[in-house]
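structure-v4.txt (compact mmCIF, C-alpha atoms and all ligand atoms)
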# COMPACT_ATOMS: atom_id res chain seq x y z
CA MET G 1 -31.11 -4.79 -19.52
CA THR G 2 -28.61 -6.22 -21.96
CA THR G 3 -26.36 -9.06 -20.92
CA THR G 4 -24.42 -9.13 -24.16
CA ALA G 5 -20.70 -9.40 -23.59
CA PRO G 6 -18.71 -6.28 -24.56
CA ALA G 7 -16.69 -6.48 -27.75
CA THR G 8 -13.32 -5.43 -26.38
CA ARG G 9 -11.21 -6.64 -23.47
CA PRO G 10 -8.52 -4.92 -21.42
CA ALA G 11 -5.06 -5.58 -22.88
CA ASN G 12 -3.93 -6.33 -19.31
CA PRO G 13 -6.58 -7.73 -16.92
CA ARG G 14 -4.35 -7.49 -13.83
CA PHE G 15 -6.09 -5.38 -11.18
CA SER G 16 -4.70 -7.11 -8.08
CA SER G 17 -3.97 -4.97 -5.01
CA GLY G 18 -0.71 -6.77 -4.42
CA PRO G 19 1.43 -7.92 -5.95
CA CYS G 20 0.23 -5.22 -8.32
CA ALA G 21 0.49 -5.07 -12.11
CA LYS G 22 4.05 -4.75 -13.28
CA ILE G 23 5.11 -1.69 -15.25
CA PRO G 24 3.46 -1.66 -18.69
CA THR G 25 6.83 -2.04 -20.43
CA PHE G 26 7.92 -5.02 -18.32
CA THR G 27 9.72 -8.00 -19.82
CA LEU G 28 12.08 -10.41 -18.05
CA GLU G 29 14.85 -9.26 -20.40
CA LYS G 30 14.76 -5.89 -18.67
CA LEU G 31 16.33 -7.61 -15.64
CA ALA G 32 19.37 -8.77 -17.62
CA ASP G 33 21.67 -6.36 -15.75
CA ALA G 34 20.86 -7.87 -12.33
CA ALA G 35 23.95 -8.57 -10.23
CA LEU G 36 23.10 -12.25 -9.98
CA GLY G 37 25.56 -14.68 -8.45
CA ARG G 38 27.55 -11.79 -7.00
CA SER G 39 27.94 -10.75 -3.39
CA HIS G 40 25.58 -7.99 -2.35
CA ARG G 41 28.60 -6.61 -0.45
CA ALA G 42 30.66 -6.37 -3.67
CA LYS G 43 30.80 -2.93 -5.29
CA ILE G 44 28.32 -3.87 -8.02
CA GLY G 45 25.72 -5.04 -5.50
CA LYS G 46 26.27 -2.19 -3.06
CA ASP G 47 26.02 0.36 -5.86
CA LYS G 48 22.66 -1.03 -6.95
CA LEU G 49 21.30 -1.05 -3.39
CA LYS G 50 22.52 2.50 -2.87
CA ALA G 51 20.96 3.58 -6.18
CA ALA G 52 17.64 2.04 -5.08
CA ILE G 53 17.79 4.18 -1.93
CA GLU G 54 18.85 7.43 -3.56
CA GLU G 55 16.44 7.11 -6.49
CA THR G 56 13.64 6.48 -3.99
CA ARG G 57 14.61 9.70 -2.22
CA GLU G 58 14.61 11.65 -5.44
CA LEU G 59 11.31 10.32 -6.78
CA LEU G 60 9.41 10.66 -3.51
CA ASN G 61 10.99 14.01 -2.57
CA ILE G 62 12.23 12.62 0.75
CA PRO G 63 14.27 15.19 2.71
CA ALA G 64 18.06 14.78 2.66
CA ASP G 65 18.21 14.29 6.44
CA TYR G 66 15.75 11.35 6.43
CA ARG G 67 17.28 7.84 6.43
CA ILE G 68 16.02 5.31 3.89
CA GLY G 69 16.74 1.63 4.46
CA ILE G 70 16.04 -1.57 2.56
CA VAL G 71 14.90 -4.15 5.10
CA PRO G 72 13.71 -7.76 5.07
CA ALA G 73 10.15 -9.07 4.75
CA SER G 74 8.36 -6.54 2.57
CA ASP G 75 6.18 -3.87 4.14
CA THR G 76 5.28 -6.08 7.09
CA GLY G 77 8.96 -6.42 7.93
CA ALA G 78 9.46 -2.67 7.86
CA VAL G 79 6.41 -1.93 10.04
CA GLU G 80 7.22 -4.63 12.60
CA MET G 81 10.83 -3.53 12.79
CA ALA G 82 9.75 0.05 13.47
CA MET G 83 7.16 -0.87 16.09
CA TRP G 84 9.41 -3.31 17.93
CA SER G 85 12.35 -0.88 17.91
CA LEU G 86 10.59 2.40 18.73
CA LEU G 87 7.41 1.80 20.73
CA GLY G 88 7.26 1.63 24.51
CA ALA G 89 9.12 4.87 25.24
CA ARG G 90 5.75 6.61 25.67
CA LYS G 91 2.10 5.74 25.37
CA ALA G 92 0.92 4.72 21.89
CA THR G 93 -2.22 5.50 19.91
CA MET G 94 -3.08 2.69 17.54
CA VAL G 95 -5.32 3.77 14.68
CA ALA G 96 -7.10 1.49 12.21
CA TRP G 97 -9.91 1.67 9.67
CA GLU G 98 -9.39 -1.67 7.96
CA SER G 99 -7.65 -5.00 8.20
CA PHE G 100 -3.95 -4.13 7.90
CA GLY G 101 -4.18 -1.28 10.41
CA ALA G 102 -6.07 -3.68 12.68
CA GLY G 103 -3.17 -6.11 12.38
CA TRP G 104 -0.76 -3.50 13.75
CA VAL G 105 -3.18 -2.84 16.62
CA THR G 106 -3.15 -6.54 17.52
CA ASP G 107 0.65 -6.64 17.47
CA VAL G 108 1.00 -3.75 19.85
CA VAL G 109 -1.84 -4.65 22.21
CA LYS G 110 -1.46 -8.43 22.31
CA GLN G 111 2.23 -9.01 21.54
CA LEU G 112 4.15 -5.96 22.74
CA LYS G 113 1.50 -5.35 25.41
CA ILE G 114 2.34 -1.67 25.81
CA ASP G 115 0.07 1.07 27.08
CA ALA G 116 -2.00 2.00 24.04
CA GLU G 117 -5.19 3.85 23.18
CA VAL G 118 -6.99 2.13 20.30
CA LYS G 119 -9.02 4.10 17.75
CA ILE G 120 -10.96 2.07 15.23
CA ALA G 121 -13.34 3.13 12.45
CA GLU G 122 -15.59 0.82 10.48
CA TYR G 123 -14.83 -0.12 6.88
CA GLY G 124 -15.63 2.88 4.69
CA GLU G 125 -15.11 5.37 7.53
CA ILE G 126 -11.93 7.06 8.81
CA VAL G 127 -10.73 7.88 12.31
CA ASP G 128 -10.74 11.57 13.25
CA MET G 129 -6.98 12.12 13.05
CA ALA G 130 -7.25 15.68 14.39
CA ALA G 131 -8.67 14.39 17.67
CA LEU G 132 -5.66 12.19 18.54
CA ASP G 133 -3.16 12.88 21.30
CA TYR G 134 0.13 13.54 19.50
CA LYS G 135 2.05 13.42 22.78
CA THR G 136 1.73 9.69 22.19
CA ASP G 137 3.30 7.68 19.37
CA VAL G 138 0.65 7.34 16.68
CA VAL G 139 0.64 4.27 14.42
CA PHE G 140 -1.63 4.37 11.35
CA THR G 141 -2.01 3.27 7.73
CA TRP G 142 -2.11 6.08 5.15
CA ASN G 143 -4.21 4.18 2.63
CA GLY G 144 -6.35 1.37 3.96
CA THR G 145 -5.84 -1.12 1.18
CA THR G 146 -8.78 -3.31 2.16
CA SER G 147 -11.36 -0.52 2.59
CA GLY G 148 -10.17 1.97 -0.01
CA VAL G 149 -10.12 4.77 2.54
CA ARG G 150 -7.11 7.07 2.69
CA MET G 151 -5.89 10.09 4.58
CA PRO G 152 -7.06 13.14 2.61
CA SER G 153 -3.86 14.97 3.68
CA GLY G 154 -1.50 15.25 6.62
CA ASP G 155 -3.07 18.49 7.85
CA ALA G 156 -4.47 16.86 11.00
CA ILE G 157 -0.99 15.90 12.20
CA PRO G 158 0.72 18.69 14.15
CA ALA G 159 4.22 19.68 13.05
CA ASP G 160 5.28 20.18 16.68
CA ARG G 161 4.11 16.78 17.99
CA GLU G 162 5.97 15.21 20.91
CA GLY G 163 5.36 11.60 19.95
CA LEU G 164 6.38 9.88 16.74
CA THR G 165 4.10 9.10 13.81
CA ILE G 166 4.60 5.63 12.35
CA CYS G 167 2.86 5.31 8.99
CA ASP G 168 2.28 2.21 6.90
CA ALA G 169 2.18 3.84 3.45
CA THR G 170 2.57 0.74 1.33
CA SER G 171 -0.44 1.34 -0.92
CA ALA G 172 0.11 5.12 -0.91
CA ALA G 173 3.79 5.67 -1.76
CA TYR G 174 4.18 6.58 -5.46
CA ALA G 175 0.46 7.35 -5.81
CA MET G 176 -0.24 10.00 -3.17
CA ASP G 177 1.62 13.01 -1.81
CA LEU G 178 3.16 12.09 1.53
CA PRO G 179 3.95 15.03 3.84
CA TRP G 180 7.38 14.04 5.11
CA ASP G 181 7.42 16.68 7.86
CA LYS G 182 4.41 14.91 9.42
CA LEU G 183 5.82 11.39 9.18
CA ASP G 184 8.58 10.03 11.43
CA VAL G 185 8.51 6.48 10.19
CA THR G 186 7.15 5.57 6.77
CA THR G 187 7.11 2.12 5.23
CA PHE G 188 6.22 0.57 1.90
CA SER G 189 6.94 -2.42 -0.27
CA TRP G 190 8.14 -2.61 -3.86
CA GLN G 191 5.28 -5.00 -4.66
CA LYS G 192 2.61 -2.31 -4.45
CA VAL G 193 2.33 0.86 -6.54
CA LEU G 194 5.43 0.26 -8.66
CA GLY G 195 4.50 -3.36 -9.34
CA GLY G 196 7.83 -4.63 -8.02
CA GLU G 197 8.63 -7.80 -6.10
CA ALA G 198 7.61 -8.42 -2.48
CA ALA G 199 10.97 -9.38 -1.07
CA HIS G 200 11.95 -6.19 0.72
CA GLY G 201 10.49 -3.33 2.67
CA MET G 202 11.47 0.32 2.65
CA LEU G 203 11.92 1.96 6.04
CA ILE G 204 12.11 5.76 6.05
CA LEU G 205 13.13 7.48 9.29
CA SER G 206 12.94 11.16 10.25
CA PRO G 207 15.73 12.64 12.37
CA ARG G 208 13.36 12.42 15.38
CA ALA G 209 12.89 8.70 14.81
CA VAL G 210 16.67 8.26 14.73
CA GLU G 211 16.95 10.27 17.95
CA ARG G 212 14.46 7.88 19.59
CA LEU G 213 16.40 4.85 18.35
CA GLU G 214 19.60 6.22 19.84
CA SER G 215 18.11 7.27 23.17
CA TYR G 216 15.73 4.41 23.98
CA THR G 217 16.22 0.69 24.37
CA PRO G 218 13.06 -1.43 24.39
CA ALA G 219 12.47 -3.71 27.36
CA TRP G 220 12.08 -6.73 25.08
CA PRO G 221 14.72 -8.63 23.10
CA LEU G 222 15.08 -7.86 19.38
CA PRO G 223 16.05 -10.49 16.83
CA LYS G 224 18.98 -9.60 14.55
CA ILE G 225 16.57 -9.05 11.65
CA PHE G 226 14.94 -6.12 13.56
CA ARG G 227 18.05 -4.49 15.00
CA LEU G 228 18.65 -0.94 13.76
CA THR G 229 21.20 0.07 16.40
CA LYS G 230 24.44 -1.24 17.79
CA GLY G 231 25.87 0.01 21.09
CA GLY G 232 23.17 2.69 21.23
CA LYS G 233 24.07 4.13 17.80
CA LEU G 234 22.16 3.80 14.54
CA ILE G 235 23.67 1.23 12.17
CA GLU G 236 24.23 3.78 9.40
CA GLY G 237 25.24 1.09 6.89
CA ILE G 238 21.64 -0.09 6.61
CA PHE G 239 20.77 3.31 5.14
CA VAL G 240 23.39 3.26 2.41
CA GLY G 241 22.58 -0.22 1.16
CA GLU G 242 24.45 -2.49 3.58
CA THR G 243 21.42 -4.62 4.27
CA ILE G 244 21.02 -6.61 7.50
CA ASN G 245 20.93 -9.87 5.59
CA THR G 246 21.11 -11.01 1.98
CA PRO G 247 18.71 -9.22 -0.36
CA SER G 248 17.41 -10.54 -3.67
CA MET G 249 19.46 -8.80 -6.33
CA LEU G 250 16.83 -9.81 -8.86
CA ALA G 251 14.19 -7.92 -6.86
CA VAL G 252 16.58 -4.96 -6.54
CA GLU G 253 17.08 -4.86 -10.31
CA ASP G 254 13.35 -5.08 -10.85
CA TYR G 255 12.83 -2.09 -8.52
CA LEU G 256 15.49 -0.07 -10.36
CA VAL G 257 13.77 -0.85 -13.67
CA ALA G 258 10.42 0.24 -12.19
CA LEU G 259 11.97 3.49 -10.93
CA ASP G 260 13.33 4.15 -14.38
CA TRP G 261 9.85 3.69 -15.86
CA ALA G 262 8.39 5.92 -13.12
CA ARG G 263 10.70 8.74 -14.23
CA SER G 264 9.65 8.20 -17.84
CA VAL G 265 5.99 8.90 -16.98
CA GLY G 266 6.80 12.12 -15.13
CA GLY G 267 7.96 10.89 -11.73
CA LEU G 268 5.71 11.20 -8.70
CA LYS G 269 3.43 13.77 -10.35
CA GLY G 270 2.97 11.54 -13.37
CA LEU G 271 2.30 8.49 -11.20
CA ILE G 272 -0.29 10.34 -9.11
CA ALA G 273 -1.99 11.59 -12.29
CA ARG G 274 -2.14 8.04 -13.67
CA ALA G 275 -3.69 6.66 -10.45
CA ASP G 276 -6.13 9.59 -10.29
CA ALA G 277 -7.26 9.01 -13.88
CA ASN G 278 -7.76 5.30 -13.24
CA ALA G 279 -9.74 5.87 -10.05
CA LYS G 280 -11.81 8.64 -11.67
CA ALA G 281 -12.89 6.29 -14.47
CA ILE G 282 -14.34 3.98 -11.79
CA TRP G 283 -15.84 6.78 -9.69
CA ASP G 284 -17.60 8.19 -12.78
CA PHE G 285 -18.87 4.72 -13.65
CA CYS G 286 -20.34 4.33 -10.15
CA ALA G 287 -21.83 7.83 -10.10
CA ALA G 288 -23.81 7.03 -13.26
CA ARG G 289 -25.30 3.82 -11.82
CA ASP G 290 -27.58 3.12 -8.89
CA TRP G 291 -26.37 -0.42 -8.19
CA ILE G 292 -22.76 0.17 -7.24
CA ASP G 293 -20.99 2.63 -4.95
CA ASN G 294 -17.69 3.40 -3.28
CA LEU G 295 -17.15 1.78 0.09
CA ALA G 296 -15.49 5.03 1.23
CA VAL G 297 -18.25 7.18 2.69
CA ASP G 298 -16.51 10.56 2.41
CA ALA G 299 -15.40 11.38 -1.15
CA ALA G 300 -12.32 13.19 0.24
CA THR G 301 -11.06 9.89 1.64
CA ARG G 302 -11.55 7.74 -1.47
CA SER G 303 -8.42 5.89 -2.42
CA ASN G 304 -6.92 6.38 -5.87
CA THR G 305 -5.12 3.02 -5.63
CA SER G 306 -7.26 0.35 -3.93
CA VAL G 307 -10.71 1.37 -5.13
CA CYS G 308 -13.22 -0.60 -3.04
CA LEU G 309 -16.80 -0.93 -4.24
CA LYS G 310 -20.04 -2.30 -2.84
CA PHE G 311 -23.16 -3.49 -4.66
CA THR G 312 -26.26 -1.60 -3.56
CA ASP G 313 -29.00 -3.24 -5.62
CA ALA G 314 -32.02 -4.25 -3.51
CA ARG G 315 -32.49 -7.44 -5.53
CA ILE G 316 -29.27 -8.88 -4.08
CA THR G 317 -30.15 -11.23 -1.25
CA ASP G 318 -26.73 -12.60 -0.29
CA GLY G 319 -24.11 -9.84 -0.67
CA PRO G 320 -20.95 -11.96 -0.29
CA VAL G 321 -22.20 -14.68 -2.66
CA PHE G 322 -23.23 -12.11 -5.27
CA ALA G 323 -19.95 -10.16 -5.13
CA LYS G 324 -17.91 -13.35 -5.35
CA ALA G 325 -19.95 -14.49 -8.37
CA VAL G 326 -19.28 -11.19 -10.16
CA ALA G 327 -15.55 -11.38 -9.41
CA LYS G 328 -15.47 -15.00 -10.55
CA ARG G 329 -17.25 -14.16 -13.80
CA LEU G 330 -14.81 -11.31 -14.51
CA GLU G 331 -11.89 -13.63 -13.85
CA ALA G 332 -13.38 -16.42 -15.99
CA GLU G 333 -13.78 -13.97 -18.86
CA GLY G 334 -10.13 -13.00 -18.40
CA VAL G 335 -11.04 -9.31 -18.08
CA ALA G 336 -10.30 -8.59 -14.40
CA LEU G 337 -8.13 -10.80 -12.20
CA ASP G 338 -8.09 -10.72 -8.37
CA VAL G 339 -10.79 -8.08 -7.92
CA GLY G 340 -12.77 -9.70 -5.10
CA ALA G 341 -12.87 -7.73 -1.83
CA TYR G 342 -10.23 -8.67 0.76
CA ARG G 343 -11.25 -11.63 2.91
CA ASP G 344 -11.90 -9.54 6.07
CA ALA G 345 -13.58 -6.64 4.25
CA PRO G 346 -17.30 -6.14 3.49
CA ALA G 347 -18.56 -7.92 0.37
CA GLY G 348 -17.73 -6.18 -2.87
CA LEU G 349 -14.93 -5.57 -5.32
CA ARG G 350 -11.48 -4.02 -5.02
CA ILE G 351 -9.92 -2.74 -8.20
CA TRP G 352 -6.30 -1.61 -8.15
CA CYS G 353 -5.73 1.73 -9.84
CA GLY G 354 -2.05 2.46 -9.10
CA GLY G 355 0.14 3.97 -11.81
CA THR G 356 1.24 0.71 -13.43
CA VAL G 357 -2.37 0.14 -14.52
CA GLU G 358 -3.30 1.73 -17.85
CA THR G 359 -6.44 3.89 -17.88
CA SER G 360 -7.43 2.29 -21.20
CA ASP G 361 -7.52 -1.07 -19.40
CA VAL G 362 -9.76 0.29 -16.61
CA GLU G 363 -12.04 1.77 -19.26
CA ALA G 364 -12.15 -1.50 -21.19
CA MET G 365 -12.87 -3.47 -17.99
CA LEU G 366 -15.84 -1.36 -16.78
CA PRO G 367 -18.34 -2.47 -19.47
CA TRP G 368 -17.49 -6.02 -18.40
CA LEU G 369 -18.33 -5.13 -14.81
CA GLU G 370 -21.68 -3.86 -16.05
CA TYR G 371 -22.15 -7.05 -18.03
CA ALA G 372 -21.18 -9.33 -15.14
CA PHE G 373 -23.50 -7.48 -12.75
CA HIS G 374 -26.52 -7.86 -15.03
CA ALA G 375 -25.67 -11.47 -15.81
CA GLU G 376 -25.61 -12.29 -12.08
CA ILE G 377 -28.86 -10.41 -11.45
CA GLU G 378 -30.43 -12.38 -14.26
CA ALA G 379 -29.10 -15.60 -12.74
CA LEU G 380 -30.73 -14.58 -9.43
CA SER G 381 -34.14 -14.04 -11.02
CA GLN G 382 -33.87 -17.35 -12.88
CA ALA G 383 -33.08 -19.16 -9.63
CA ALA G 384 -36.04 -17.53 -7.85
C1 LIG U 1 -1.73 -1.42 4.18
C2 LIG U 1 -0.93 -2.69 4.07
N1 LIG U 1 -0.04 -2.99 5.01
C3 LIG U 1 0.71 -4.10 4.93
C4 LIG U 1 0.58 -4.98 3.90
C5 LIG U 1 1.42 -6.21 3.87
O1 LIG U 1 2.35 -6.04 2.87
P1 LIG U 1 3.47 -7.10 2.57
O2 LIG U 1 2.78 -8.39 2.31
O3 LIG U 1 4.15 -6.53 1.37
O4 LIG U 1 4.36 -7.17 3.76
C6 LIG U 1 -0.33 -4.71 2.88
C7 LIG U 1 -0.51 -5.66 1.76
O5 LIG U 1 -1.44 -5.59 1.00
C8 LIG U 1 -1.10 -3.54 2.97
O6 LIG U 1 -1.98 -3.25 2.00
Starting from the file, lay out its structure as structure tokens.
Ligand SMILES: Cc1ncc(COP(=O)(O)O)c(C=O)c1O
Amino acid sequence: MTTTAPATRPANPRFSSGPCAKIPTFTLEKLADAALGRSHRAKIGKDKLKAAIEETRELLNIPADYRIGIVPASDTGAVEMAMWSLLGARKATMVAWESFGAGWVTDVVKQLKIDAEVKIAEYGEIVDMAALDYKTDVVFTWNGTTSGVRMPSGDAIPADREGLTICDATSAAYAMDLPWDKLDVTTFSWQKVLGGEAAHGMLILSPRAVERLESYTPAWPLPKIFRLTKGGKLIEGIFVGETINTPSMLAVEDYLVALDWARSVGGLKGLIARADANAKAIWDFCAARDWIDNLAVDAATRSNTSVCLKFTDARITDGPVFAKAVAKRLEAEGVALDVGAYRDAPAGLRIWCGGTVETSDVEAMLPWLEYAFHAEIEALSQAA
């Protein structure tokens, strides 16, 4: 086996799963129009916040009667706000197949302490979504960022459910088709697929979610930062850009610039095609080798954004040490940054393939992965 370093390097070695690579055309000058030093309640600020909402609707094909709000604290803020505001009216089903989903389970079971059924699948597997009780409120993560396992579609979710579906879609939005009729609450952060900044979360509510907000008051107190209603009515301002507290207008500008780029590559369809092409380059690479494989067991559930891989070579004695050494070597060579598996996930690599990543960079990185693997195997045999 050759351990000669490849001749070419990716132009951009950023394959982090968040914050993700910025748009390929990014420069700081592109943010020159940011409404800096101005009130976010002034017309200029409000117009930009409103544009961020309406352009999100247009790009993601979100129905006109769904509310879209910009909320504090990135995706986590949006998910927590939804769970604290909506859960408790009926039993909940908490679904997880990796670390972030598991975090939402902990919040509901240990913090909110509401009546909840917990459904967990191991890393690489997915929970049987068709077997859930949709009379309950179901909380799940569309794409498990730390296992690279995603929902293949929304077909398992009934259209006539009684409970609400609350979906953390942060590593799915702008890379996968989201079936809005099956989702009552959807959240994501700008820092993921569009390579934006992590300041704010997007909270998308179906009419049924709004109905719940206006007809149910949780038994627990809600801090101002979570409050979506006043006097039993939805605070409509939040959904036209009157944010609860002060947003970063620099982050807003950056999101608007990213949306503009997203339109230039063909909108949602173009973004999905870019992520698919990136992921396919890695899947094909794995299929042609017997030492590396997808962590996702079922091909239909393989993520096209957070592609998670495991090493399967029998010569590897300590999986975590080996995977970390490969990731470190790739980083040291400057060809793939931040590609080690998430700290709670099984040993391996996680390579971000969302639309801001260029397929030519994935293709230029893969020979380096081959090189790093063989170099580490050689190091093992020398140590033996
Ligand atoms: C599925 C999922 N949920 C939540 C988060 C947390 O996102 P944030 O740090 O933007 O709040 C992440 C971050 O990677 C994630 O992948």
What residues of the protein or nucleic acid chains come within 10 Å of ligand LIG 1 (chain U) when you use only C-alpha atoms and all ligand atoms? Reply as an mmCIF file with C-alpha atoms, in the frame of the given file.
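Contents of out.cif, as written:
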data_model
loop_
_atom_site.group_PDB
_atom_site.id
_atom_site.type_symbol
_atom_site.label_atom_id
_atom_site.label_comp_id
_atom_site.auth_asym_id
_atom_site.auth_seq_id
_atom_site.Cartn_x
_atom_site.Cartn_y
_atom_site.Cartn_z
ATOM 1 C CA SER G 16 -4.700 -7.110 -8.080
ATOM 2 C CA SER G 17 -3.970 -4.970 -5.010
ATOM 3 C CA GLY G 18 -0.710 -6.770 -4.420
ATOM 4 C CA PRO G 19 1.430 -7.920 -5.950
ATOM 5 C CA CYS G 20 0.230 -5.220 -8.320
ATOM 6 C CA PRO G 72 13.710 -7.760 5.070
ATOM 7 C CA ALA G 73 10.150 -9.070 4.750
ATOM 8 C CA SER G 74 8.360 -6.540 2.570
ATOM 9 C CA ASP G 75 6.180 -3.870 4.140
ATOM 10 C CA THR G 76 5.280 -6.080 7.090
ATOM 11 C CA GLY G 77 8.960 -6.420 7.930
ATOM 12 C CA ALA G 78 9.460 -2.670 7.860
ATOM 13 C CA VAL G 79 6.410 -1.930 10.040
ATOM 14 C CA GLU G 80 7.220 -4.630 12.600
ATOM 15 C CA GLU G 98 -9.390 -1.670 7.960
ATOM 16 C CA SER G 99 -7.650 -5.000 8.200
ATOM 17 C CA PHE G 100 -3.950 -4.130 7.900
ATOM 18 C CA GLY G 101 -4.180 -1.280 10.410
ATOM 19 C CA ALA G 102 -6.070 -3.680 12.680
ATOM 20 C CA GLY G 103 -3.170 -6.110 12.380
ATOM 21 C CA TRP G 104 -0.760 -3.500 13.750
ATOM 22 C CA PHE G 140 -1.630 4.370 11.350
ATOM 23 C CA THR G 141 -2.010 3.270 7.730
ATOM 24 C CA TRP G 142 -2.110 6.080 5.150
ATOM 25 C CA ASN G 143 -4.210 4.180 2.630
ATOM 26 C CA GLY G 144 -6.350 1.370 3.960
ATOM 27 C CA THR G 145 -5.840 -1.120 1.180
ATOM 28 C CA THR G 146 -8.780 -3.310 2.160
ATOM 29 C CA SER G 147 -11.360 -0.520 2.590
ATOM 30 C CA GLY G 148 -10.170 1.970 -0.010
ATOM 31 C CA CYS G 167 2.860 5.310 8.990
ATOM 32 C CA ASP G 168 2.280 2.210 6.900
ATOM 33 C CA ALA G 169 2.180 3.840 3.450
ATOM 34 C CA THR G 170 2.570 0.740 1.330
ATOM 35 C CA SER G 171 -0.440 1.340 -0.920
ATOM 36 C CA ALA G 172 0.110 5.120 -0.910
ATOM 37 C CA THR G 187 7.110 2.120 5.230
ATOM 38 C CA PHE G 188 6.220 0.570 1.900
ATOM 39 C CA SER G 189 6.940 -2.420 -0.270
ATOM 40 C CA TRP G 190 8.140 -2.610 -3.860
ATOM 41 C CA GLN G 191 5.280 -5.000 -4.660
ATOM 42 C CA LYS G 192 2.610 -2.310 -4.450
ATOM 43 C CA GLU G 197 8.630 -7.800 -6.100
ATOM 44 C CA ALA G 198 7.610 -8.420 -2.480
ATOM 45 C CA ALA G 199 10.970 -9.380 -1.070
ATOM 46 C CA HIS G 200 11.950 -6.190 0.720
ATOM 47 C CA GLY G 201 10.490 -3.330 2.670
ATOM 48 C CA SER G 306 -7.260 0.350 -3.930
ATOM 49 C CA TYR G 342 -10.230 -8.670 0.760
#
Quiz item: Distance atom CA of G:Phe15-atom CA of G:Leu380, one decimal place?
Solution: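 Interatomic distance, atom CA of G:Phe15 to atom CA of G:Leu380: 26.4 Å.
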Quiz item: Which polymer residues have any atom within 6 Å of an atom of G:Gly354, counting only C-alpha atoms, with same-chain residues fewer than 2 positions away left out, as JSON, numbers by chain?
Solution: {"G": [193, 275, 305, 352, 356, 357]}
Exercise. Calculate how many Å separate atom CA of G:Leu213 from atom CA of G:Lys182, rounding to one decimal.
Key: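 Separation between atom CA of G:Leu213 and atom CA of G:Lys182: 18.0 Å.
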Protein and nucleic acid residues near (2.1, 12.9, 0.2) (cut-off 12 Å, only C-alpha atoms) as a PDB file with C-alpha atoms, keeping the file's coordinate frame:
ATOM      1  CA  LEU G  59      11.310  10.320  -6.780  1.00  0.00           C
ATOM      2  CA  LEU G  60       9.410  10.660  -3.510  1.00  0.00           C
ATOM      3  CA  ASN G  61      10.990  14.010  -2.570  1.00  0.00           C
ATOM      4  CA  ILE G  62      12.230  12.620   0.750  1.00  0.00           C
ATOM      5  CA  TRP G 142      -2.110   6.080   5.150  1.00  0.00           C
ATOM      6  CA  ASN G 143      -4.210   4.180   2.630  1.00  0.00           C
ATOM      7  CA  ARG G 150      -7.110   7.070   2.690  1.00  0.00           C
ATOM      8  CA  MET G 151      -5.890  10.090   4.580  1.00  0.00           C
ATOM      9  CA  PRO G 152      -7.060  13.140   2.610  1.00  0.00           C
ATOM     10  CA  SER G 153      -3.860  14.970   3.680  1.00  0.00           C
ATOM     11  CA  GLY G 154      -1.500  15.250   6.620  1.00  0.00           C
ATOM     12  CA  ASP G 155      -3.070  18.490   7.850  1.00  0.00           C
ATOM     13  CA  CYS G 167       2.860   5.310   8.990  1.00  0.00           C
ATOM     14  CA  ALA G 169       2.180   3.840   3.450  1.00  0.00           C
ATOM     15  CA  SER G 171      -0.440   1.340  -0.920  1.00  0.00           C
ATOM     16  CA  ALA G 172       0.110   5.120  -0.910  1.00  0.00           C
ATOM     17  CA  ALA G 173       3.790   5.670  -1.760  1.00  0.00           C
ATOM     18  CA  TYR G 174       4.180   6.580  -5.460  1.00  0.00           C
ATOM     19  CA  ALA G 175       0.460   7.350  -5.810  1.00  0.00           C
ATOM     20  CA  MET G 176      -0.240  10.000  -3.170  1.00  0.00           C
ATOM     21  CA  ASP G 177       1.620  13.010  -1.810  1.00  0.00           C
ATOM     22  CA  LEU G 178       3.160  12.090   1.530  1.00  0.00           C
ATOM     23  CA  PRO G 179       3.950  15.030   3.840  1.00  0.00           C
ATOM     24  CA  TRP G 180       7.380  14.040   5.110  1.00  0.00           C
ATOM     25  CA  ASP G 181       7.420  16.680   7.860  1.00  0.00           C
ATOM     26  CA  LYS G 182       4.410  14.910   9.420  1.00  0.00           C
ATOM     27  CA  LEU G 183       5.820  11.390   9.180  1.00  0.00           C
ATOM     28  CA  THR G 186       7.150   5.570   6.770  1.00  0.00           C
ATOM     29  CA  LEU G 268       5.710  11.200  -8.700  1.00  0.00           C
ATOM     30  CA  LYS G 269       3.430  13.770 -10.350  1.00  0.00           C
ATOM     31  CA  ILE G 272      -0.290  10.340  -9.110  1.00  0.00           C
TER      32      ILE G 272
END
Quiz item: Which one of G:Glu253, G:Glu211, G:Asp128, G:Asp137 sits closest to G:Ile44 if you count only C-alpha atoms?
Solution: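 So, comparing all the options, the nearest one is G:Glu253.
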Practice problem: For stretch 261-266 of chain G, work out the shell of residues within 12 Å, counting all atoms listed in the file and skipping chain neighbours fewer than 4 positions away, then give it as a VMD selection string. | Solution: chain G and resid 22 to 26 30 55 to 56 58 to 60 174 to 175 193 to 196 254 to 257 270 to 275 354 to 356 358
Practice problem: Please provide the set of residues having any atom within 8 Å of stretch 332-339 of chain G, restricted to only C-alpha atoms, with same-chain residues fewer than 3 positions apart removed, written as number ranges by chain. | Solution: G: 9-10, 12-17, 327-329, 349-352, 365, 368
Practice problem: Record the distance separating atom CA of G:Ala383 and atom CA of G:Thr317, expressed in Å with one decimal. | Solution: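 Result for atom CA of G:Ala383 versus atom CA of G:Thr317: 11.9 Å, one decimal.
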